[in-house]
Amino acid sequence: MSLSTRAGASTLVIPPADRPPVTSRATGASPLMYVALAFVVLLSAAPLYFMVVMASRANSDILGIPPPLLPGDQLATNIERVFANADVQFAEALLNTLLVATVATISVVVTSALAGFAFAKLRFRGRNVLLVIVVATMMVPVQLGLIPLYMLMTKLGLAGGLASVTLPFLVSGFGVFFMRQYASQAIPDELIEAARVDGASTFRIFWSIVFPALRPAAAVLGLLTFMERWNDFLWPYISLDIDHPTVQVALSRLSGGYYTDQALVMAGTLMGTLPLVLVFIVFGRQIVGGIMEGGLKS
C-alpha cells in the first residue's frame with residue numbers, strides 16, 4: 001500500500017494484491033438446482049407423455065393393469081378414427097376453433113394496445129374513471145353473464161353460429177390493463193414529445209414508436225388470449241349448434257355416451273393440444289423476451 005500526492009491532494013493507492021475481492025451477484029447454479037429443475041420439467045411433461053402413450057395404444061391396453069408406459073403403434077389409426085367420426089366433426093371443429101381464436105387474438109391485441117397507449121400516455125378528461133370501469137369488468141365472473149349474453153346473441157340473430165363465440169371476446173379488460181401497465185414503463189414521455197415536435201400525428205406515434213415497443217407484451221397477451229379462446233368450453237357448448245362445434249365441444253362428444261373409447265379421446269386431445277404447442281414454439285422467443293424485459297424493468 002502506498003500514498004501518492006497529486007496537485008496537493010493525497011490519493012490512496014492499493015496494490016492489486018491488497019484489494020478486496022470483487023464479488024458478483026450472479027452465481028452459478030448448484031447441482032441440486034439442476035436436479036430440481038430437471039424434476040420439475042419431467043413432472044410437467046409427464047401428462048403430455050402419458051397422453052401420447054394412451055393415444056398410441058388400443059383401448060384394451062389402456063384399461064389394462066398395470067397401464068402401458070411406452071408408446072404403441074396405433075397412433076395413426078386412432079387419429080384416423082377421430083377424423084372419421086361423423087358425429088364429432090373434428091376437422092371442422094379444428095378449423096372453427098382456429099378461426100375464432102385467431103380473430104379474437106388479433107382483435108384483443110390491437111384494441112388493448114390502442115387503449116393501453118391512450119390510458120398510459122394521453123391526457124383526456126375521465127381517463128381515470130374509464131380505467132377503473134375497465135378494471136371493474138375483470139371482477140365480474142364470466143358465468144354470471146352467460147344468460148344475458150345468450151339472450152343478447154339471440155336478439156341479434158347470432159346464436160348458434162361462430163359469431164356468437166367471437167363477438168363477445170373481441171376486447172379484453174385484462175388486455176387493456178396489461179398493455180397500459182407495460183406502456184407506462186416501456187415508453188418514455190420524452191420520446192412521444194419528440195415525435196410530436198417533429199410533426200407526427202397520434203396514430204403515427206402509435207404505429208411507428210409505441211407498437212414496436214409493445215411487441216413483447218403483445219406476444220404474451222396474444223398467447224394468453226389464443227389459449228383462452230382455444231380452451232373455452234362452456235360458452236361454445238351453450239351457444240353453438242350441433243353443426244358448428246369447436247375443439248372442446250367435439251372432445252366432449254368423444255367422451256359422451258355409455259361407452260367411452262379412451263384411446264379415441266386421447267387421440268383427439270392430442271390433436272387439440274398440438275396447435276397450442278406450435279403457437280408457443282413460433283412465438284416463444286418473443287414471449288420469453290417480454291417476460292424477461294418486464295422483470296428487468298420492474
# chains A, B, ... in the order shown; residues from 1 in each chain; ligands from 1
$ residues_around --residues "range 256-272 of chain A" --least-positions-apart "4" --cutoff "6 Å" --atoms "only C-alpha atoms" --output "PyMOL selection string"
chain A and resi 51+54-55+59+78-79
$ residues_around --residues "Ala104 in chain A" --least-positions-apart "2" --cutoff "8 Å" --atoms "only C-alpha atoms" --output "PyMOL selection string"
chain A and resi 100-102+106-108+166+169-171+225-226+229
$ write_last_selection --atoms "N, CA, C and O atoms" --output "PDB file, in the first residue's frame"
ATOM      1  N   VAL A 100     -61.927 -18.761 -34.722  1.00  0.00           N
ATOM      2  CA  VAL A 100     -62.393 -17.967 -33.579  1.00  0.00           C
ATOM      3  C   VAL A 100     -61.216 -17.458 -32.755  1.00  0.00           C
ATOM      4  O   VAL A 100     -61.155 -16.270 -32.392  1.00  0.00           O
ATOM      5  N   ALA A 101     -60.261 -18.328 -32.446  1.00  0.00           N
ATOM      6  CA  ALA A 101     -59.126 -17.938 -31.618  1.00  0.00           C
ATOM      7  C   ALA A 101     -58.242 -16.910 -32.317  1.00  0.00           C
ATOM      8  O   ALA A 101     -57.745 -15.972 -31.685  1.00  0.00           O
ATOM      9  N   THR A 102     -58.035 -17.060 -33.617  1.00  0.00           N
ATOM     10  CA  THR A 102     -57.180 -16.122 -34.345  1.00  0.00           C
ATOM     11  C   THR A 102     -57.814 -14.742 -34.421  1.00  0.00           C
ATOM     12  O   THR A 102     -57.150 -13.724 -34.162  1.00  0.00           O
ATOM     13  N   ILE A 106     -56.170 -11.408 -32.534  1.00  0.00           N
ATOM     14  CA  ILE A 106     -55.764 -10.192 -33.259  1.00  0.00           C
ATOM     15  C   ILE A 106     -56.537  -8.980 -32.749  1.00  0.00           C
ATOM     16  O   ILE A 106     -55.962  -7.900 -32.514  1.00  0.00           O
ATOM     17  N   SER A 107     -57.843  -9.138 -32.556  1.00  0.00           N
ATOM     18  CA  SER A 107     -58.657  -8.019 -32.085  1.00  0.00           C
ATOM     19  C   SER A 107     -58.248  -7.584 -30.684  1.00  0.00           C
ATOM     20  O   SER A 107     -58.118  -6.381 -30.410  1.00  0.00           O
ATOM     21  N   VAL A 108     -58.036  -8.525 -29.785  1.00  0.00           N
ATOM     22  CA  VAL A 108     -57.671  -8.190 -28.410  1.00  0.00           C
ATOM     23  C   VAL A 108     -56.310  -7.492 -28.365  1.00  0.00           C
ATOM     24  O   VAL A 108     -56.135  -6.493 -27.651  1.00  0.00           O
ATOM     25  N   THR A 166     -67.371 -15.365 -30.981  1.00  0.00           N
ATOM     26  CA  THR A 166     -66.284 -14.467 -31.369  1.00  0.00           C
ATOM     27  C   THR A 166     -66.543 -13.037 -30.940  1.00  0.00           C
ATOM     28  O   THR A 166     -65.684 -12.383 -30.340  1.00  0.00           O
ATOM     29  N   PHE A 169     -65.839 -11.544 -27.322  1.00  0.00           N
ATOM     30  CA  PHE A 169     -64.466 -11.621 -26.810  1.00  0.00           C
ATOM     31  C   PHE A 169     -63.468 -10.884 -27.713  1.00  0.00           C
ATOM     32  O   PHE A 169     -62.287 -11.208 -27.723  1.00  0.00           O
ATOM     33  N   LEU A 170     -63.955  -9.894 -28.451  1.00  0.00           N
ATOM     34  CA  LEU A 170     -63.063  -9.111 -29.300  1.00  0.00           C
ATOM     35  C   LEU A 170     -62.280  -8.067 -28.511  1.00  0.00           C
ATOM     36  O   LEU A 170     -61.307  -7.503 -29.031  1.00  0.00           O
ATOM     37  N   VAL A 171     -62.685  -7.782 -27.300  1.00  0.00           N
ATOM     38  CA  VAL A 171     -61.964  -6.862 -26.414  1.00  0.00           C
ATOM     39  C   VAL A 171     -61.770  -7.549 -25.068  1.00  0.00           C
ATOM     40  O   VAL A 171     -62.493  -8.485 -24.729  1.00  0.00           O
ATOM     41  N   THR A 225     -54.437 -14.970 -24.841  1.00  0.00           N
ATOM     42  CA  THR A 225     -55.766 -14.873 -25.444  1.00  0.00           C
ATOM     43  C   THR A 225     -56.051 -16.070 -26.333  1.00  0.00           C
ATOM     44  O   THR A 225     -57.163 -16.626 -26.313  1.00  0.00           O
ATOM     45  N   PHE A 226     -55.065 -16.486 -27.135  1.00  0.00           N
ATOM     46  CA  PHE A 226     -55.262 -17.635 -28.021  1.00  0.00           C
ATOM     47  C   PHE A 226     -55.545 -18.898 -27.205  1.00  0.00           C
ATOM     48  O   PHE A 226     -56.445 -19.678 -27.548  1.00  0.00           O
ATOM     49  N   ARG A 229     -59.174 -18.708 -25.692  1.00  0.00           N
ATOM     50  CA  ARG A 229     -60.235 -18.950 -26.667  1.00  0.00           C
ATOM     51  C   ARG A 229     -60.185 -20.389 -27.184  1.00  0.00           C
ATOM     52  O   ARG A 229     -61.216 -20.992 -27.473  1.00  0.00           O
TER      53      ARG A 229
END
$ residues_around --residues "Val247 in chain A" --least-positions-apart "6" --cutoff "10 Å" --atoms "only C-alpha atoms" --output "list in words"
Val88, Gln89, Phe90, Ala91, Glu92, Ala93, Leu94, Leu95, Asn96, Thr97, Leu98, Trp230, Asn231, Asp232, Phe233, Pro236, Arg253, Gly268, Thr269, Met271, Gly272 and Thr273 of chain A
$ select_by_dssp --residues "range 114-252 of chain A" --states "helix (DSSP H, G or I)" --output "short mmCIF file (atom, residue, chain, number, x, y, z; two decimals) with N, CA, C and O atoms, in the first residue's frame"
data_model
loop_
_atom_site.label_atom_id
_atom_site.label_comp_id
_atom_site.auth_asym_id
_atom_site.auth_seq_id
_atom_site.Cartn_x
_atom_site.Cartn_y
_atom_site.Cartn_z
N LEU A 114 -54.03 -0.16 -28.39
CA LEU A 114 -54.54 1.20 -28.58
C LEU A 114 -55.04 1.80 -27.27
O LEU A 114 -54.68 2.93 -26.91
N ALA A 115 -55.87 1.05 -26.56
CA ALA A 115 -56.42 1.56 -25.30
C ALA A 115 -55.34 1.70 -24.24
O ALA A 115 -55.34 2.67 -23.46
N GLY A 116 -54.42 0.74 -24.18
CA GLY A 116 -53.34 0.84 -23.20
C GLY A 116 -52.46 2.05 -23.44
O GLY A 116 -52.06 2.74 -22.49
N PHE A 117 -52.16 2.34 -24.70
CA PHE A 117 -51.39 3.54 -25.03
C PHE A 117 -52.15 4.80 -24.64
O PHE A 117 -51.58 5.75 -24.09
N ALA A 118 -53.45 4.83 -24.90
CA ALA A 118 -54.24 6.01 -24.56
C ALA A 118 -54.28 6.22 -23.04
O ALA A 118 -54.11 7.35 -22.56
N PHE A 119 -54.51 5.17 -22.28
CA PHE A 119 -54.58 5.31 -20.82
C PHE A 119 -53.22 5.65 -20.23
O PHE A 119 -53.16 6.32 -19.18
N ALA A 120 -52.14 5.22 -20.84
CA ALA A 120 -50.81 5.42 -20.26
C ALA A 120 -50.19 6.76 -20.63
O ALA A 120 -49.55 7.40 -19.79
N LYS A 121 -50.41 7.22 -21.88
CA LYS A 121 -49.64 8.36 -22.37
C LYS A 121 -50.47 9.54 -22.84
O LYS A 121 -49.92 10.62 -23.03
N ARG A 127 -60.15 9.97 -17.81
CA ARG A 127 -59.26 8.84 -18.06
C ARG A 127 -59.23 7.87 -16.89
O ARG A 127 -59.36 6.66 -17.07
N ASN A 128 -59.09 8.39 -15.67
CA ASN A 128 -59.01 7.51 -14.50
C ASN A 128 -60.32 6.78 -14.24
O ASN A 128 -60.33 5.61 -13.85
N VAL A 129 -61.44 7.47 -14.48
CA VAL A 129 -62.74 6.83 -14.27
C VAL A 129 -62.94 5.69 -15.26
O VAL A 129 -63.40 4.60 -14.90
N LEU A 130 -62.60 5.94 -16.51
CA LEU A 130 -62.73 4.88 -17.52
C LEU A 130 -61.82 3.71 -17.21
O LEU A 130 -62.21 2.55 -17.41
N LEU A 131 -60.61 3.98 -16.72
CA LEU A 131 -59.71 2.89 -16.37
C LEU A 131 -60.26 2.06 -15.22
O LEU A 131 -60.14 0.83 -15.21
N VAL A 132 -60.88 2.71 -14.25
CA VAL A 132 -61.50 1.98 -13.13
C VAL A 132 -62.63 1.10 -13.64
O VAL A 132 -62.80 -0.05 -13.20
N ILE A 133 -63.41 1.60 -14.59
CA ILE A 133 -64.50 0.79 -15.16
C ILE A 133 -63.94 -0.43 -15.88
O ILE A 133 -64.48 -1.54 -15.78
N VAL A 134 -62.85 -0.23 -16.64
CA VAL A 134 -62.24 -1.35 -17.35
C VAL A 134 -61.74 -2.41 -16.36
O VAL A 134 -61.95 -3.61 -16.55
N VAL A 135 -61.09 -1.96 -15.30
CA VAL A 135 -60.59 -2.91 -14.29
C VAL A 135 -61.76 -3.60 -13.58
O VAL A 135 -61.68 -4.79 -13.24
N ALA A 136 -62.86 -2.88 -13.37
CA ALA A 136 -64.01 -3.47 -12.69
C ALA A 136 -64.63 -4.60 -13.50
O ALA A 136 -65.20 -5.54 -12.93
N THR A 137 -64.53 -4.53 -14.83
CA THR A 137 -65.08 -5.61 -15.65
C THR A 137 -64.34 -6.93 -15.42
O THR A 137 -64.91 -8.01 -15.66
N VAL A 142 -67.36 -14.73 -15.49
CA VAL A 142 -67.96 -14.95 -16.80
C VAL A 142 -69.27 -15.69 -16.67
O VAL A 142 -70.22 -15.45 -17.44
N GLN A 143 -69.37 -16.58 -15.69
CA GLN A 143 -70.57 -17.39 -15.54
C GLN A 143 -71.82 -16.55 -15.26
O GLN A 143 -72.93 -16.94 -15.61
N LEU A 144 -71.63 -15.38 -14.62
CA LEU A 144 -72.78 -14.53 -14.31
C LEU A 144 -73.39 -13.90 -15.56
O LEU A 144 -74.56 -13.51 -15.54
N GLY A 145 -72.61 -13.79 -16.62
CA GLY A 145 -73.11 -13.13 -17.81
C GLY A 145 -73.55 -14.07 -18.91
O GLY A 145 -73.89 -13.61 -20.01
N LEU A 146 -73.58 -15.37 -18.65
CA LEU A 146 -73.92 -16.32 -19.71
C LEU A 146 -75.36 -16.17 -20.18
O LEU A 146 -75.64 -16.14 -21.37
N ILE A 147 -76.30 -16.07 -19.23
CA ILE A 147 -77.71 -15.99 -19.61
C ILE A 147 -78.02 -14.69 -20.35
O ILE A 147 -78.61 -14.71 -21.44
N PRO A 148 -77.65 -13.52 -19.80
CA PRO A 148 -77.93 -12.29 -20.57
C PRO A 148 -77.17 -12.24 -21.89
O PRO A 148 -77.68 -11.69 -22.87
N LEU A 149 -75.96 -12.81 -21.93
CA LEU A 149 -75.22 -12.82 -23.18
C LEU A 149 -75.89 -13.69 -24.22
O LEU A 149 -75.96 -13.33 -25.41
N TYR A 150 -76.42 -14.82 -23.79
CA TYR A 150 -77.13 -15.68 -24.73
C TYR A 150 -78.41 -15.01 -25.22
O TYR A 150 -78.78 -15.12 -26.41
N MET A 151 -79.10 -14.30 -24.34
CA MET A 151 -80.30 -13.57 -24.76
C MET A 151 -79.95 -12.48 -25.77
O MET A 151 -80.68 -12.26 -26.74
N LEU A 152 -78.82 -11.82 -25.55
CA LEU A 152 -78.38 -10.78 -26.49
C LEU A 152 -78.04 -11.37 -27.84
O LEU A 152 -78.42 -10.82 -28.89
N MET A 153 -77.31 -12.50 -27.85
CA MET A 153 -76.97 -13.14 -29.12
C MET A 153 -78.23 -13.62 -29.85
O MET A 153 -78.29 -13.57 -31.09
N THR A 154 -79.22 -14.05 -29.10
CA THR A 154 -80.48 -14.48 -29.72
C THR A 154 -81.21 -13.29 -30.34
O THR A 154 -81.75 -13.38 -31.45
N LYS A 155 -81.24 -12.16 -29.62
CA LYS A 155 -81.88 -10.96 -30.15
C LYS A 155 -81.19 -10.48 -31.43
O LYS A 155 -81.84 -9.99 -32.36
N ALA A 163 -70.18 -16.46 -34.89
CA ALA A 163 -70.15 -15.07 -34.46
C ALA A 163 -70.50 -14.92 -32.98
O ALA A 163 -70.01 -14.01 -32.30
N SER A 164 -71.32 -15.83 -32.46
CA SER A 164 -71.72 -15.74 -31.06
C SER A 164 -70.58 -16.04 -30.09
O SER A 164 -70.61 -15.59 -28.94
N VAL A 165 -69.58 -16.81 -30.53
CA VAL A 165 -68.44 -17.10 -29.66
C VAL A 165 -67.23 -16.22 -29.99
O VAL A 165 -66.19 -16.34 -29.35
N THR A 166 -67.37 -15.37 -30.98
CA THR A 166 -66.28 -14.47 -31.37
C THR A 166 -66.54 -13.04 -30.94
O THR A 166 -65.68 -12.38 -30.34
N LEU A 167 -67.74 -12.53 -31.23
CA LEU A 167 -68.06 -11.13 -30.97
C LEU A 167 -67.91 -10.72 -29.52
O LEU A 167 -67.35 -9.65 -29.24
N PRO A 168 -68.35 -11.51 -28.51
CA PRO A 168 -68.23 -11.04 -27.12
C PRO A 168 -66.80 -10.97 -26.60
O PRO A 168 -66.56 -10.40 -25.53
N PHE A 169 -65.84 -11.54 -27.32
CA PHE A 169 -64.47 -11.62 -26.81
C PHE A 169 -63.47 -10.88 -27.71
O PHE A 169 -62.29 -11.21 -27.72
N GLY A 173 -60.70 -6.61 -20.90
CA GLY A 173 -60.31 -5.68 -19.85
C GLY A 173 -58.92 -5.97 -19.32
O GLY A 173 -58.13 -5.06 -19.05
N PHE A 174 -58.62 -7.25 -19.16
CA PHE A 174 -57.27 -7.62 -18.72
C PHE A 174 -56.22 -7.17 -19.72
O PHE A 174 -55.15 -6.68 -19.34
N GLY A 175 -56.51 -7.33 -21.02
CA GLY A 175 -55.55 -6.92 -22.03
C GLY A 175 -55.29 -5.43 -22.00
O GLY A 175 -54.14 -4.98 -22.13
N VAL A 176 -56.33 -4.62 -21.82
CA VAL A 176 -56.17 -3.17 -21.74
C VAL A 176 -55.31 -2.79 -20.53
O VAL A 176 -54.37 -1.99 -20.64
N PHE A 177 -55.61 -3.37 -19.38
CA PHE A 177 -54.84 -3.07 -18.18
C PHE A 177 -53.39 -3.54 -18.32
O PHE A 177 -52.45 -2.84 -17.92
N PHE A 178 -53.20 -4.72 -18.89
CA PHE A 178 -51.85 -5.26 -19.07
C PHE A 178 -51.01 -4.38 -19.98
O PHE A 178 -49.86 -4.05 -19.66
N MET A 179 -51.57 -3.97 -21.12
CA MET A 179 -50.83 -3.13 -22.05
C MET A 179 -50.62 -1.72 -21.50
O MET A 179 -49.60 -1.08 -21.76
N ARG A 180 -51.57 -1.25 -20.71
CA ARG A 180 -51.39 0.07 -20.09
C ARG A 180 -50.23 0.07 -19.13
O ARG A 180 -49.41 1.00 -19.11
N GLN A 181 -50.12 -0.97 -18.30
CA GLN A 181 -49.01 -1.06 -17.35
C GLN A 181 -47.67 -1.17 -18.07
O GLN A 181 -46.68 -0.57 -17.67
N TYR A 182 -47.64 -1.95 -19.15
CA TYR A 182 -46.39 -2.12 -19.87
C TYR A 182 -46.00 -0.84 -20.58
O TYR A 182 -44.83 -0.45 -20.59
N ALA A 183 -46.97 -0.16 -21.22
CA ALA A 183 -46.67 1.06 -21.95
C ALA A 183 -46.18 2.17 -21.03
O ALA A 183 -45.30 2.96 -21.41
N SER A 184 -46.71 2.25 -19.83
CA SER A 184 -46.30 3.31 -18.90
C SER A 184 -44.84 3.15 -18.47
O SER A 184 -44.19 4.14 -18.12
N GLN A 185 -44.30 1.94 -18.53
CA GLN A 185 -42.92 1.70 -18.14
C GLN A 185 -41.97 1.64 -19.33
O GLN A 185 -40.82 2.06 -19.24
N ALA A 186 -42.44 1.11 -20.45
CA ALA A 186 -41.54 0.86 -21.59
C ALA A 186 -41.36 2.06 -22.49
O ALA A 186 -40.37 2.12 -23.23
N ASP A 189 -41.98 9.43 -21.83
CA ASP A 189 -42.76 10.56 -22.31
C ASP A 189 -41.95 11.45 -23.24
O ASP A 189 -42.50 12.06 -24.16
N GLU A 190 -40.65 11.53 -23.00
CA GLU A 190 -39.81 12.39 -23.84
C GLU A 190 -39.79 11.92 -25.28
O GLU A 190 -39.70 12.74 -26.21
N LEU A 191 -39.86 10.60 -25.50
CA LEU A 191 -39.86 10.07 -26.86
C LEU A 191 -41.12 10.48 -27.61
O LEU A 191 -41.08 10.85 -28.79
N ILE A 192 -42.26 10.46 -26.93
CA ILE A 192 -43.52 10.86 -27.56
C ILE A 192 -43.52 12.36 -27.83
O ILE A 192 -43.97 12.83 -28.89
N GLU A 193 -43.00 13.16 -26.88
CA GLU A 193 -42.95 14.60 -27.09
C GLU A 193 -42.04 14.95 -28.25
O GLU A 193 -42.33 15.87 -29.02
N ALA A 194 -40.93 14.23 -28.38
CA ALA A 194 -40.03 14.49 -29.51
C ALA A 194 -40.71 14.18 -30.83
O ALA A 194 -40.53 14.90 -31.83
N ALA A 195 -41.51 13.11 -30.87
CA ALA A 195 -42.23 12.79 -32.10
C ALA A 195 -43.28 13.85 -32.42
O ALA A 195 -43.49 14.19 -33.60
N ARG A 196 -43.92 14.41 -31.41
CA ARG A 196 -44.90 15.46 -31.66
C ARG A 196 -44.22 16.73 -32.17
O ARG A 196 -44.77 17.44 -33.03
N VAL A 197 -43.05 17.02 -31.64
CA VAL A 197 -42.31 18.18 -32.13
C VAL A 197 -41.95 18.01 -33.61
O VAL A 197 -41.97 18.97 -34.39
N THR A 202 -50.96 11.39 -33.73
CA THR A 202 -51.09 10.40 -32.66
C THR A 202 -51.05 8.98 -33.21
O THR A 202 -50.41 8.10 -32.63
N PHE A 203 -51.73 8.76 -34.34
CA PHE A 203 -51.70 7.42 -34.92
C PHE A 203 -50.30 7.07 -35.42
O PHE A 203 -49.87 5.92 -35.29
N ARG A 204 -49.60 8.04 -36.00
CA ARG A 204 -48.23 7.77 -36.46
C ARG A 204 -47.31 7.44 -35.28
O ARG A 204 -46.46 6.56 -35.38
N ILE A 205 -47.51 8.13 -34.18
CA ILE A 205 -46.71 7.84 -32.98
C ILE A 205 -46.99 6.42 -32.49
O ILE A 205 -46.07 5.67 -32.14
N PHE A 206 -48.27 6.05 -32.49
CA PHE A 206 -48.61 4.70 -32.05
C PHE A 206 -48.01 3.64 -32.97
O PHE A 206 -47.42 2.66 -32.51
N TRP A 207 -48.17 3.83 -34.27
CA TRP A 207 -47.74 2.80 -35.22
C TRP A 207 -46.22 2.69 -35.34
O TRP A 207 -45.69 1.60 -35.47
N SER A 208 -45.52 3.82 -35.27
CA SER A 208 -44.07 3.82 -35.51
C SER A 208 -43.24 3.72 -34.25
O SER A 208 -42.09 3.26 -34.30
N ILE A 209 -43.78 4.15 -33.12
CA ILE A 209 -42.99 4.20 -31.89
C ILE A 209 -43.56 3.28 -30.82
O ILE A 209 -42.85 2.45 -30.23
N VAL A 210 -44.85 3.42 -30.56
CA VAL A 210 -45.45 2.72 -29.42
C VAL A 210 -45.59 1.23 -29.68
O VAL A 210 -45.16 0.39 -28.87
N PHE A 211 -46.21 0.87 -30.80
CA PHE A 211 -46.48 -0.55 -31.04
C PHE A 211 -45.21 -1.39 -31.14
O PHE A 211 -45.18 -2.51 -30.61
N PRO A 212 -44.12 -0.94 -31.81
CA PRO A 212 -42.89 -1.74 -31.77
C PRO A 212 -42.36 -1.94 -30.36
O PRO A 212 -41.82 -3.01 -30.05
N ALA A 213 -42.52 -0.94 -29.49
CA ALA A 213 -42.06 -1.10 -28.11
C ALA A 213 -42.94 -2.05 -27.33
O ALA A 213 -42.49 -2.70 -26.37
N ARG A 215 -44.29 -4.76 -28.57
CA ARG A 215 -44.33 -6.06 -29.23
C ARG A 215 -44.11 -7.23 -28.27
O ARG A 215 -44.82 -8.25 -28.35
N PRO A 216 -43.15 -7.18 -27.34
CA PRO A 216 -43.02 -8.32 -26.40
C PRO A 216 -44.27 -8.54 -25.56
O PRO A 216 -44.72 -9.67 -25.37
N ALA A 217 -44.87 -7.46 -25.05
CA ALA A 217 -46.11 -7.61 -24.27
C ALA A 217 -47.25 -8.09 -25.14
O ALA A 217 -48.10 -8.87 -24.69
N ALA A 218 -47.28 -7.64 -26.41
CA ALA A 218 -48.32 -8.09 -27.32
C ALA A 218 -48.21 -9.60 -27.58
O ALA A 218 -49.23 -10.29 -27.73
N ALA A 219 -46.98 -10.10 -27.65
CA ALA A 219 -46.80 -11.54 -27.86
C ALA A 219 -47.32 -12.33 -26.66
O ALA A 219 -47.98 -13.37 -26.82
N VAL A 220 -47.05 -11.85 -25.47
CA VAL A 220 -47.54 -12.54 -24.26
C VAL A 220 -49.06 -12.50 -24.21
O VAL A 220 -49.73 -13.52 -23.97
N LEU A 221 -49.63 -11.33 -24.46
CA LEU A 221 -51.09 -11.19 -24.44
C LEU A 221 -51.73 -12.03 -25.54
O LEU A 221 -52.78 -12.64 -25.34
N GLY A 222 -51.09 -12.07 -26.71
CA GLY A 222 -51.63 -12.87 -27.80
C GLY A 222 -51.66 -14.35 -27.46
O GLY A 222 -52.65 -15.04 -27.75
N LEU A 223 -50.60 -14.85 -26.83
CA LEU A 223 -50.58 -16.27 -26.46
C LEU A 223 -51.65 -16.58 -25.42
O LEU A 223 -52.38 -17.57 -25.53
N LEU A 224 -51.76 -15.72 -24.41
CA LEU A 224 -52.76 -15.96 -23.37
C LEU A 224 -54.18 -15.93 -23.94
O LEU A 224 -55.03 -16.75 -23.57
N THR A 225 -54.44 -14.97 -24.84
CA THR A 225 -55.77 -14.87 -25.44
C THR A 225 -56.05 -16.07 -26.33
O THR A 225 -57.16 -16.63 -26.31
N PHE A 226 -55.07 -16.49 -27.13
CA PHE A 226 -55.26 -17.64 -28.02
C PHE A 226 -55.54 -18.90 -27.21
O PHE A 226 -56.45 -19.68 -27.55
N MET A 227 -54.80 -19.10 -26.13
CA MET A 227 -55.04 -20.27 -25.29
C MET A 227 -56.41 -20.21 -24.63
O MET A 227 -57.11 -21.24 -24.54
N GLU A 228 -56.82 -19.04 -24.18
CA GLU A 228 -58.12 -18.92 -23.52
C GLU A 228 -59.26 -19.24 -24.48
O GLU A 228 -60.19 -19.97 -24.14
N ARG A 229 -59.17 -18.71 -25.69
CA ARG A 229 -60.24 -18.95 -26.67
C ARG A 229 -60.18 -20.39 -27.18
O ARG A 229 -61.22 -20.99 -27.47
N TRP A 230 -59.01 -20.96 -27.33
CA TRP A 230 -58.89 -22.34 -27.80
C TRP A 230 -59.45 -23.32 -26.78
O TRP A 230 -60.08 -24.32 -27.13
N ASN A 231 -59.24 -23.05 -25.50
CA ASN A 231 -59.65 -23.97 -24.44
C ASN A 231 -61.04 -23.68 -23.90
O ASN A 231 -61.50 -24.38 -22.98
N LEU A 234 -67.40 -23.84 -21.99
CA LEU A 234 -68.76 -23.62 -21.50
C LEU A 234 -69.59 -22.75 -22.45
O LEU A 234 -70.70 -23.13 -22.83
N TRP A 235 -69.05 -21.60 -22.85
CA TRP A 235 -69.83 -20.72 -23.71
C TRP A 235 -70.06 -21.32 -25.10
O TRP A 235 -71.19 -21.27 -25.60
N PRO A 236 -69.06 -21.90 -25.77
CA PRO A 236 -69.37 -22.57 -27.05
C PRO A 236 -70.35 -23.71 -26.91
O PRO A 236 -71.18 -23.94 -27.80
N TYR A 237 -70.29 -24.43 -25.80
CA TYR A 237 -71.22 -25.54 -25.58
C TYR A 237 -72.66 -25.05 -25.47
O TYR A 237 -73.60 -25.71 -25.91
N ILE A 238 -72.83 -23.85 -24.90
CA ILE A 238 -74.18 -23.29 -24.74
C ILE A 238 -74.66 -22.63 -26.03
O ILE A 238 -75.82 -22.81 -26.43
N SER A 239 -73.81 -21.87 -26.68
CA SER A 239 -74.27 -21.00 -27.76
C SER A 239 -74.24 -21.65 -29.15
O SER A 239 -75.02 -21.25 -30.02
N VAL A 247 -63.26 -27.31 -30.76
CA VAL A 247 -62.46 -28.46 -30.35
C VAL A 247 -62.94 -29.02 -29.01
O VAL A 247 -63.10 -30.24 -28.86
N GLN A 248 -63.16 -28.16 -28.06
CA GLN A 248 -63.55 -28.64 -26.73
C GLN A 248 -64.94 -29.29 -26.75
O GLN A 248 -65.18 -30.28 -26.06
N VAL A 249 -65.84 -28.74 -27.55
CA VAL A 249 -67.16 -29.35 -27.67
C VAL A 249 -67.05 -30.70 -28.36
O VAL A 249 -67.72 -31.67 -27.98
N ALA A 250 -66.20 -30.80 -29.39
CA ALA A 250 -66.01 -32.07 -30.09
C ALA A 250 -65.41 -33.12 -29.16
O ALA A 250 -65.80 -34.29 -29.19
N LEU A 251 -64.47 -32.70 -28.30
CA LEU A 251 -63.89 -33.65 -27.34
C LEU A 251 -64.93 -34.13 -26.33
O LEU A 251 -64.90 -35.29 -25.91
N SER A 252 -65.85 -33.26 -25.95
CA SER A 252 -66.91 -33.69 -25.03
C SER A 252 -67.82 -34.71 -25.69
O SER A 252 -68.34 -35.62 -25.02
#
$ atom_distance --atom1 "CA of Pro68 in chain A" --atom2 "CA of Val53 in chain A"
7.4 Å
